[in-house]
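Visitor: What follows is query_35.txt; its format and atoms are compact mmCIF, C-alpha atoms.
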```txt
# COMPACT_ATOMS: atom_id res chain seq x y z
CA MET A 1 -87.91 328.07 242.25
CA LYS A 2 -87.07 330.05 239.11
CA MET A 3 -86.82 327.89 236.03
CA LYS A 4 -85.89 328.47 232.41
CA ARG A 5 -85.79 324.85 231.17
CA VAL A 6 -87.90 322.16 232.80
CA PHE A 7 -88.46 318.49 232.11
CA LEU A 8 -91.97 317.15 232.75
CA LYS A 9 -92.64 313.45 233.38
CA LEU A 10 -96.13 312.20 232.65
CA SER A 11 -97.28 308.66 233.33
CA GLY A 12 -99.02 306.83 230.53
CA GLU A 13 -101.73 305.77 232.97
CA ALA A 14 -102.44 309.42 233.80
CA LEU A 15 -103.03 310.21 230.13
CA ALA A 16 -105.53 307.36 229.94
CA GLY A 17 -107.75 309.10 232.48
CA PRO A 18 -110.61 307.06 233.90
CA LYS A 19 -110.38 304.58 231.01
CA LYS A 20 -107.06 303.27 232.42
CA THR A 21 -105.82 302.37 228.93
CA GLY A 22 -105.23 304.23 225.66
CA PHE A 23 -105.82 307.99 225.72
CA ASP A 24 -108.33 310.31 227.31
CA GLU A 25 -108.42 313.26 224.93
CA ASP A 26 -109.81 315.74 227.44
CA THR A 27 -107.01 314.91 229.89
CA VAL A 28 -104.32 315.42 227.24
CA LYS A 29 -105.92 318.67 226.05
CA GLU A 30 -105.84 319.98 229.61
CA VAL A 31 -102.13 319.12 229.88
CA ALA A 32 -101.55 320.94 226.59
CA ARG A 33 -103.41 324.03 227.80
CA GLN A 34 -101.26 324.26 230.90
CA VAL A 35 -97.97 323.62 229.12
CA LYS A 36 -98.79 326.30 226.55
CA LEU A 37 -99.10 328.90 229.31
CA SER A 38 -95.48 328.22 230.25
CA VAL A 39 -94.22 328.01 226.67
CA ASP A 40 -95.85 331.37 225.95
CA ALA A 41 -94.02 332.75 229.00
CA GLY A 42 -90.68 331.68 227.48
CA ILE A 43 -90.04 328.51 229.48
CA GLN A 44 -88.35 325.68 227.57
CA VAL A 45 -90.18 322.39 228.10
CA GLY A 46 -88.96 318.84 227.60
CA ILE A 47 -91.39 315.97 228.13
CA VAL A 48 -90.99 312.27 228.86
CA ILE A 49 -94.03 309.98 228.93
CA GLY A 50 -94.29 306.49 230.35
CA GLY A 51 -95.89 303.64 228.43
CA GLY A 52 -98.08 302.07 231.08
CA ASN A 53 -101.35 302.87 229.31
CA PHE A 54 -100.30 300.36 226.66
CA TRP A 55 -97.73 298.01 228.16
CA ARG A 56 -96.48 296.86 231.55
CA GLY A 57 -93.90 294.37 230.32
CA ARG A 58 -92.10 293.93 233.62
CA THR A 59 -95.16 292.24 235.10
CA SER A 60 -95.05 289.44 232.53
CA GLU A 61 -92.73 286.43 232.49
CA ALA A 62 -94.19 285.13 229.24
CA ILE A 63 -91.55 286.81 227.08
CA ASP A 64 -87.90 287.78 227.36
CA ARG A 65 -87.28 290.89 229.49
CA THR A 66 -85.31 292.61 226.74
CA LYS A 67 -88.16 292.16 224.26
CA ALA A 68 -90.70 293.28 226.86
CA ASP A 69 -88.71 296.47 227.47
CA GLN A 70 -88.44 297.11 223.74
CA ILE A 71 -92.23 296.94 223.45
CA GLY A 72 -92.38 299.45 226.32
CA MET A 73 -90.04 301.79 224.46
CA LEU A 74 -92.33 301.71 221.44
CA ALA A 75 -95.32 302.41 223.70
CA THR A 76 -93.64 305.64 224.81
CA VAL A 77 -93.08 306.60 221.16
CA MET A 78 -96.80 306.11 220.43
CA ASN A 79 -97.67 308.24 223.44
CA CYS A 80 -95.34 311.04 222.40
CA ILE A 81 -96.67 311.08 218.82
CA TYR A 82 -100.24 311.39 220.09
CA VAL A 83 -99.54 314.01 222.75
CA SER A 84 -97.32 315.96 220.36
CA GLU A 85 -100.21 316.24 217.91
CA ILE A 86 -102.58 317.45 220.63
CA PHE A 87 -99.96 320.06 221.56
CA ARG A 88 -99.69 321.18 217.95
CA ASN A 89 -103.45 321.56 217.70
CA ALA A 90 -103.21 323.76 220.81
CA GLY A 91 -100.82 326.08 218.97
CA MET A 92 -97.38 324.82 220.02
CA MET A 93 -94.44 323.71 217.91
CA THR A 94 -93.10 320.26 218.82
CA GLN A 95 -90.43 317.72 217.95
CA ILE A 96 -89.96 314.11 219.04
CA LEU A 97 -86.49 312.72 219.65
CA THR A 98 -85.64 309.05 220.12
CA PRO A 99 -82.36 307.24 220.87
CA PHE A 100 -83.01 304.93 217.90
CA GLU A 101 -84.25 305.41 214.34
CA CYS A 102 -88.04 305.43 213.84
CA GLY A 103 -88.15 306.21 210.15
CA SER A 104 -89.63 309.65 209.51
CA MET A 105 -91.80 309.61 212.64
CA THR A 106 -89.12 310.99 214.97
CA LYS A 107 -85.65 312.51 214.88
CA LEU A 108 -82.56 310.81 216.29
CA PHE A 109 -81.56 312.34 219.63
CA SER A 110 -78.50 314.52 219.98
CA LYS A 111 -77.86 317.27 222.50
CA ASP A 112 -77.15 319.82 219.78
CA ARG A 113 -80.39 318.97 217.95
CA ALA A 114 -82.44 319.20 221.15
CA ASN A 115 -80.88 322.57 222.03
CA LYS A 116 -81.69 323.86 218.55
CA TYR A 117 -85.34 322.91 219.00
CA PHE A 118 -85.48 324.47 222.47
CA GLU A 119 -84.04 327.71 221.11
CA LYS A 120 -86.82 327.77 218.50
CA GLY A 121 -89.42 327.63 221.25
CA MET A 122 -90.44 324.03 220.56
CA VAL A 123 -91.70 321.55 223.13
CA VAL A 124 -89.31 318.60 222.83
CA PHE A 125 -90.55 315.08 223.51
CA PHE A 126 -87.92 312.55 224.52
CA ALA A 127 -89.42 309.18 223.58
CA GLY A 128 -88.02 305.66 223.65
CA GLY A 129 -86.44 305.87 227.09
CA THR A 130 -82.67 305.38 227.06
CA GLY A 131 -82.93 303.03 224.09
CA HIS A 132 -81.75 300.10 226.21
CA PRO A 133 -83.58 297.44 228.23
CA TYR A 134 -83.53 297.36 232.04
CA PHE A 135 -83.87 301.14 232.26
CA SER A 136 -87.19 302.81 233.08
CA THR A 137 -88.58 306.13 231.85
CA ASP A 138 -87.63 307.45 235.32
CA THR A 139 -84.01 306.82 234.39
CA GLY A 140 -84.71 308.17 230.92
CA ILE A 141 -85.89 311.55 232.18
CA ALA A 142 -83.07 311.76 234.72
CA LEU A 143 -80.53 311.09 231.97
CA ARG A 144 -81.99 313.60 229.51
CA ALA A 145 -82.62 316.31 232.12
CA ILE A 146 -79.02 316.06 233.34
CA GLU A 147 -77.63 315.92 229.82
CA MET A 148 -79.73 318.87 228.68
CA GLU A 149 -78.92 320.91 231.83
CA ALA A 150 -82.52 321.34 232.91
CA ASP A 151 -83.30 323.36 236.02
CA CYS A 152 -85.68 320.78 237.47
CA ILE A 153 -87.57 317.56 236.82
CA LEU A 154 -91.32 317.91 237.37
CA LEU A 155 -93.18 314.72 238.24
CA ALA A 156 -96.94 314.97 237.65
CA LYS A 157 -98.45 312.05 239.55
CA ALA A 158 -101.76 310.71 240.78
CA ILE A 159 -100.58 311.60 244.31
CA ASP A 160 -99.98 315.20 245.45
CA GLY A 161 -96.47 314.84 246.86
CA VAL A 162 -94.06 312.60 248.73
CA TYR A 163 -95.30 310.91 251.91
CA ASP A 164 -93.48 308.91 254.59
CA SER A 165 -95.84 306.00 253.89
CA ASP A 166 -98.65 305.16 251.48
CA PRO A 167 -101.52 307.59 252.26
CA LYS A 168 -103.98 305.12 250.73
CA LEU A 169 -103.05 302.60 253.41
CA ASN A 170 -102.10 304.95 256.24
CA PRO A 171 -104.45 307.89 256.93
CA GLU A 172 -101.77 309.32 259.27
CA ALA A 173 -99.14 309.44 256.52
CA LYS A 174 -97.03 312.60 256.62
CA LYS A 175 -96.53 314.67 253.50
CA TYR A 176 -93.17 316.37 253.00
CA ASP A 177 -92.95 319.93 251.70
CA THR A 178 -89.22 319.43 251.11
CA ILE A 179 -87.05 316.32 251.34
CA SER A 180 -83.52 315.48 250.17
CA ILE A 181 -82.91 312.86 247.53
CA GLN A 182 -80.57 311.14 250.00
CA GLU A 183 -83.46 310.70 252.44
CA VAL A 184 -85.69 309.47 249.63
CA ILE A 185 -83.08 306.81 248.87
CA ASP A 186 -82.48 305.92 252.52
CA ARG A 187 -86.19 305.59 253.29
CA GLN A 188 -86.97 303.87 249.97
CA LEU A 189 -89.79 306.31 249.23
CA ALA A 190 -89.78 305.45 245.52
CA VAL A 191 -90.28 308.95 244.10
CA VAL A 192 -88.46 307.61 241.06
CA ASP A 193 -86.59 304.34 240.75
CA LEU A 194 -83.24 303.85 242.48
CA THR A 195 -81.10 304.33 239.37
CA ALA A 196 -82.77 307.65 238.59
CA SER A 197 -82.55 308.73 242.25
CA ILE A 198 -78.81 308.11 242.39
CA MET A 199 -78.25 309.93 239.10
CA CYS A 200 -80.16 312.96 240.37
CA MET A 201 -78.21 312.91 243.64
CA GLU A 202 -74.82 312.65 241.94
CA HIS A 203 -75.60 315.41 239.43
CA LYS A 204 -77.56 317.64 241.83
CA MET A 205 -80.76 317.57 239.79
CA PRO A 206 -83.76 318.69 241.89
CA MET A 207 -87.22 317.24 241.41
CA ALA A 208 -90.73 318.37 242.29
CA VAL A 209 -93.67 316.04 242.85
CA PHE A 210 -97.24 317.34 242.51
CA SER A 211 -100.71 316.17 241.53
CA LEU A 212 -101.64 316.00 237.87
CA ASN A 213 -105.27 316.41 238.93
CA GLU A 214 -104.73 319.71 240.77
CA LYS A 215 -106.16 322.68 238.90
CA ASP A 216 -103.33 324.34 236.95
CA GLY A 217 -100.85 322.08 238.78
CA ILE A 218 -98.54 321.76 235.78
CA ALA A 219 -98.70 325.46 234.92
CA ASN A 220 -97.98 326.44 238.52
CA ALA A 221 -95.10 323.96 238.84
CA MET A 222 -93.47 325.26 235.65
CA GLN A 223 -93.65 328.76 237.11
CA GLY A 224 -91.88 327.47 240.24
CA ARG A 225 -94.98 327.36 242.43
CA ILE A 226 -94.84 323.83 243.81
CA ASN A 227 -97.93 322.75 245.72
CA GLY A 228 -96.46 319.36 246.45
CA THR A 229 -92.98 318.23 247.47
CA ILE A 230 -89.60 319.61 246.41
CA VAL A 231 -86.90 316.93 246.35
CA THR A 232 -83.56 318.63 246.82
CA ALA A 233 -80.29 317.23 245.53
```
Turn the structure described in the file into structure tokens.
Guide:
Amino acid sequence: MKMKRVFLKLSGEALAGPKKTGFDEDTVKEVARQVKLSVDAGIQVGIVIGGGNFWRGRTSEAIDRTKADQIGMLATVMNCIYVSEIFRNAGMMTQILTPFECGSMTKLFSKDRANKYFEKGMVVFFAGGTGHPYFSTDTGIALRAIEMEADCILLAKAIDGVYDSDPKLNPEAKKYDTISIQEVIDRQLAVVDLTASIMCMEHKMPMAVFSLNEKDGIANAMQGRINGTIVTA
């Protein structure tokens, strides 16, 4: 896979490392090191980060779902501000875009603005999801990757690819090297949520799933060397 513009999805939980909440600085610095290798090679990088290291609002019935999702959106903004600063300390230029105003902390998203930042060699963080409740960061990255005409969505996960069943529960689980998004939907393999899966299928946006914990996994994936599963559209 040859890629010029890639979108990387990081889970908030992954950034928390063994602490499971907040940030693990060494983990984020390692992500920054790998991303910089690709930026230095001329690859344009967009990043979406989940908010699970701070908030899992959908598991609570104590508050209204819309308010819970809004808290989740703000969690992704906090994550992007932190990771953006680590990236800057590693020698990269960054910008954070959100679909709603956040004072002077971020810029309001527009396609033209994002393209301008990409052309300047900046890593662009797309925080705040879609800006609406009932949509996950999976849908957020699918929307932005399609809108920004990315070559591929890279999903750095705790697991090293897509399996036909949960490898934690089934030691005989089969890992796919390549699978179509249609089969992912049909078999309910939950690579990303259903809304994001359908968007990627309709707009022919490929995805790649690989392990965040693999040495140089992000750097290799951004160079098109996928040691995981390629999800074809």
Visitor: Excluding Val77 of chain A and residues on its chain fewer than 3 positions from it, collect all residues at most 6 Å away from it, counting only C-alpha atoms, and give them as a list in words.
Guide: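 Here the answer would be Leu74, Cys80, Ala127 and Gly128 of chain A.
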Visitor: When you count only C-alpha atoms, which of these residues is closest to Lys175 of chain A: A:Met93, A:Leu189, A:Ile86, A:Met199?
Guide: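 Once distances to Lys175 of chain A are computed over only C-alpha atoms, the minimum belongs to A:Leu189.
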Visitor: Between A:Thr27, A:Val123, A:Ala16, A:Thr139, single out the one closest to Arg88 of chain A, counting only C-alpha atoms.
Guide: A:Val123
Visitor: Could you check the closest approach to Phe118 of chain A for each of A:Glu147, A:Asp160, A:Gly46, A:Asp216 and tell me which residue wins, using all atoms listed in the file?
Guide: A:Gly46
Visitor: Name the residues in contact with segment 112-114 of chain A at a cut-off of 9 Å, using all atoms listed in the file, excluding same-chain residues fewer than 6 positions from it; report them as a PyMOL selection string.
Guide: chain A and resi 95+97+124+148
Visitor: Can I get the selection written as a PDB file, keeping the file's coordinate frame, with C-alpha atoms?
Guide:
```
ATOM      1  CA  GLN A  95     -90.430 317.720 217.950  1.00  0.00           C
ATOM      2  CA  LEU A  97     -86.490 312.720 219.650  1.00  0.00           C
ATOM      3  CA  VAL A 124     -89.310 318.600 222.830  1.00  0.00           C
ATOM      4  CA  MET A 148     -79.730 318.870 228.680  1.00  0.00           C
TER       5      MET A 148
END
```
Visitor: Give me, as a PDB file with C-alpha atoms, in the coordinates of the input, all polymer residues having an atom no more than 12 Å from segment 190-195 of chain A, counting all atoms listed in the file and skipping those fewer than 3 positions away in the same chain.
Guide:
```pdb
ATOM      1  CA  LYS A   9     -92.640 313.450 233.380  1.00  0.00           C
ATOM      2  CA  SER A  11     -97.280 308.660 233.330  1.00  0.00           C
ATOM      3  CA  TYR A 134     -83.530 297.360 232.040  1.00  0.00           C
ATOM      4  CA  PHE A 135     -83.870 301.140 232.260  1.00  0.00           C
ATOM      5  CA  SER A 136     -87.190 302.810 233.080  1.00  0.00           C
ATOM      6  CA  THR A 137     -88.580 306.130 231.850  1.00  0.00           C
ATOM      7  CA  ASP A 138     -87.630 307.450 235.320  1.00  0.00           C
ATOM      8  CA  THR A 139     -84.010 306.820 234.390  1.00  0.00           C
ATOM      9  CA  GLY A 140     -84.710 308.170 230.920  1.00  0.00           C
ATOM     10  CA  ILE A 141     -85.890 311.550 232.180  1.00  0.00           C
ATOM     11  CA  ALA A 142     -83.070 311.760 234.720  1.00  0.00           C
ATOM     12  CA  LEU A 143     -80.530 311.090 231.970  1.00  0.00           C
ATOM     13  CA  ILE A 153     -87.570 317.560 236.820  1.00  0.00           C
ATOM     14  CA  LEU A 154     -91.320 317.910 237.370  1.00  0.00           C
ATOM     15  CA  LEU A 155     -93.180 314.720 238.240  1.00  0.00           C
ATOM     16  CA  ALA A 156     -96.940 314.970 237.650  1.00  0.00           C
ATOM     17  CA  LYS A 157     -98.450 312.050 239.550  1.00  0.00           C
ATOM     18  CA  ILE A 159    -100.580 311.600 244.310  1.00  0.00           C
ATOM     19  CA  ASP A 160     -99.980 315.200 245.450  1.00  0.00           C
ATOM     20  CA  GLY A 161     -96.470 314.840 246.860  1.00  0.00           C
ATOM     21  CA  VAL A 162     -94.060 312.600 248.730  1.00  0.00           C
ATOM     22  CA  TYR A 163     -95.300 310.910 251.910  1.00  0.00           C
ATOM     23  CA  ASP A 164     -93.480 308.910 254.590  1.00  0.00           C
ATOM     24  CA  SER A 165     -95.840 306.000 253.890  1.00  0.00           C
ATOM     25  CA  ASP A 166     -98.650 305.160 251.480  1.00  0.00           C
ATOM     26  CA  TYR A 176     -93.170 316.370 253.000  1.00  0.00           C
ATOM     27  CA  ILE A 179     -87.050 316.320 251.340  1.00  0.00           C
ATOM     28  CA  SER A 180     -83.520 315.480 250.170  1.00  0.00           C
ATOM     29  CA  ILE A 181     -82.910 312.860 247.530  1.00  0.00           C
ATOM     30  CA  GLN A 182     -80.570 311.140 250.000  1.00  0.00           C
ATOM     31  CA  GLU A 183     -83.460 310.700 252.440  1.00  0.00           C
ATOM     32  CA  VAL A 184     -85.690 309.470 249.630  1.00  0.00           C
ATOM     33  CA  ILE A 185     -83.080 306.810 248.870  1.00  0.00           C
ATOM     34  CA  ASP A 186     -82.480 305.920 252.520  1.00  0.00           C
ATOM     35  CA  ARG A 187     -86.190 305.590 253.290  1.00  0.00           C
ATOM     36  CA  ILE A 198     -78.810 308.110 242.390  1.00  0.00           C
ATOM     37  CA  MET A 199     -78.250 309.930 239.100  1.00  0.00           C
ATOM     38  CA  CYS A 200     -80.160 312.960 240.370  1.00  0.00           C
ATOM     39  CA  MET A 201     -78.210 312.910 243.640  1.00  0.00           C
ATOM     40  CA  GLU A 202     -74.820 312.650 241.940  1.00  0.00           C
ATOM     41  CA  PRO A 206     -83.760 318.690 241.890  1.00  0.00           C
ATOM     42  CA  MET A 207     -87.220 317.240 241.410  1.00  0.00           C
ATOM     43  CA  ALA A 208     -90.730 318.370 242.290  1.00  0.00           C
ATOM     44  CA  VAL A 209     -93.670 316.040 242.850  1.00  0.00           C
ATOM     45  CA  PHE A 210     -97.240 317.340 242.510  1.00  0.00           C
ATOM     46  CA  THR A 229     -92.980 318.230 247.470  1.00  0.00           C
ATOM     47  CA  ILE A 230     -89.600 319.610 246.410  1.00  0.00           C
ATOM     48  CA  VAL A 231     -86.900 316.930 246.350  1.00  0.00           C
TER      49      VAL A 231
END
```
Visitor: Hey, which of A:Thr76, A:Ser104, A:Gln223, A:Ser197 ends up closest to Gly50 of chain A? Count only C-alpha atoms.
Guide: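 Nearest to Gly50 of chain A: A:Thr76.
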Visitor: Would you mind putting N, CA and C atoms back on segment 93-108 of chain A and writing the result as a PDB file, in the frame of the given file?
Guide:
```pdb
ATOM      1  N   MET A  93     -95.333 324.432 218.812  1.00  0.00           N
ATOM      2  CA  MET A  93     -94.440 323.710 217.910  1.00  0.00           C
ATOM      3  C   MET A  93     -93.790 322.582 218.717  1.00  0.00           C
ATOM      4  N   THR A  94     -93.651 321.407 218.100  1.00  0.00           N
ATOM      5  CA  THR A  94     -93.100 320.260 218.820  1.00  0.00           C
ATOM      6  C   THR A  94     -92.123 319.474 217.941  1.00  0.00           C
ATOM      7  N   GLN A  95     -91.276 318.703 218.615  1.00  0.00           N
ATOM      8  CA  GLN A  95     -90.430 317.720 217.950  1.00  0.00           C
ATOM      9  C   GLN A  95     -90.296 316.523 218.875  1.00  0.00           C
ATOM     10  N   ILE A  96     -90.147 315.347 218.275  1.00  0.00           N
ATOM     11  CA  ILE A  96     -89.960 314.110 219.040  1.00  0.00           C
ATOM     12  C   ILE A  96     -88.582 313.556 218.735  1.00  0.00           C
ATOM     13  N   LEU A  97     -87.822 313.301 219.790  1.00  0.00           N
ATOM     14  CA  LEU A  97     -86.490 312.720 219.650  1.00  0.00           C
ATOM     15  C   LEU A  97     -86.466 311.337 220.272  1.00  0.00           C
ATOM     16  N   THR A  98     -85.800 310.415 219.600  1.00  0.00           N
ATOM     17  CA  THR A  98     -85.640 309.050 220.120  1.00  0.00           C
ATOM     18  C   THR A  98     -84.178 308.646 220.036  1.00  0.00           C
ATOM     19  N   PRO A  99     -83.747 307.700 220.914  1.00  0.00           N
ATOM     20  CA  PRO A  99     -82.360 307.240 220.870  1.00  0.00           C
ATOM     21  C   PRO A  99     -82.115 306.178 219.811  1.00  0.00           C
ATOM     22  N   PHE A 100     -83.136 305.885 218.998  1.00  0.00           N
ATOM     23  CA  PHE A 100     -83.010 304.930 217.900  1.00  0.00           C
ATOM     24  C   PHE A 100     -83.849 305.429 216.730  1.00  0.00           C
ATOM     25  N   GLU A 101     -83.546 304.960 215.540  1.00  0.00           N
ATOM     26  CA  GLU A 101     -84.250 305.410 214.340  1.00  0.00           C
ATOM     27  C   GLU A 101     -85.687 304.904 214.336  1.00  0.00           C
ATOM     28  N   CYS A 102     -86.623 305.801 214.003  1.00  0.00           N
ATOM     29  CA  CYS A 102     -88.040 305.430 213.840  1.00  0.00           C
ATOM     30  C   CYS A 102     -88.541 305.938 212.500  1.00  0.00           C
ATOM     31  N   GLY A 103     -87.765 305.722 211.465  1.00  0.00           N
ATOM     32  CA  GLY A 103     -88.150 306.210 210.150  1.00  0.00           C
ATOM     33  C   GLY A 103     -88.301 307.721 210.161  1.00  0.00           C
ATOM     34  N   SER A 104     -89.397 308.212 209.566  1.00  0.00           N
ATOM     35  CA  SER A 104     -89.630 309.650 209.510  1.00  0.00           C
ATOM     36  C   SER A 104     -90.513 310.144 210.648  1.00  0.00           C
ATOM     37  N   MET A 105     -90.863 309.236 211.574  1.00  0.00           N
ATOM     38  CA  MET A 105     -91.800 309.610 212.640  1.00  0.00           C
ATOM     39  C   MET A 105     -91.147 310.447 213.727  1.00  0.00           C
ATOM     40  N   THR A 106     -89.842 310.241 213.951  1.00  0.00           N
ATOM     41  CA  THR A 106     -89.120 310.990 214.970  1.00  0.00           C
ATOM     42  C   THR A 106     -87.748 311.370 214.430  1.00  0.00           C
ATOM     43  N   LYS A 107     -87.034 312.175 215.205  1.00  0.00           N
ATOM     44  CA  LYS A 107     -85.650 312.510 214.880  1.00  0.00           C
ATOM     45  C   LYS A 107     -84.723 311.798 215.871  1.00  0.00           C
ATOM     46  N   LEU A 108     -83.522 311.471 215.416  1.00  0.00           N
ATOM     47  CA  LEU A 108     -82.560 310.810 216.290  1.00  0.00           C
ATOM     48  C   LEU A 108     -82.011 311.816 217.305  1.00  0.00           C
TER      49      LEU A 108
END
```
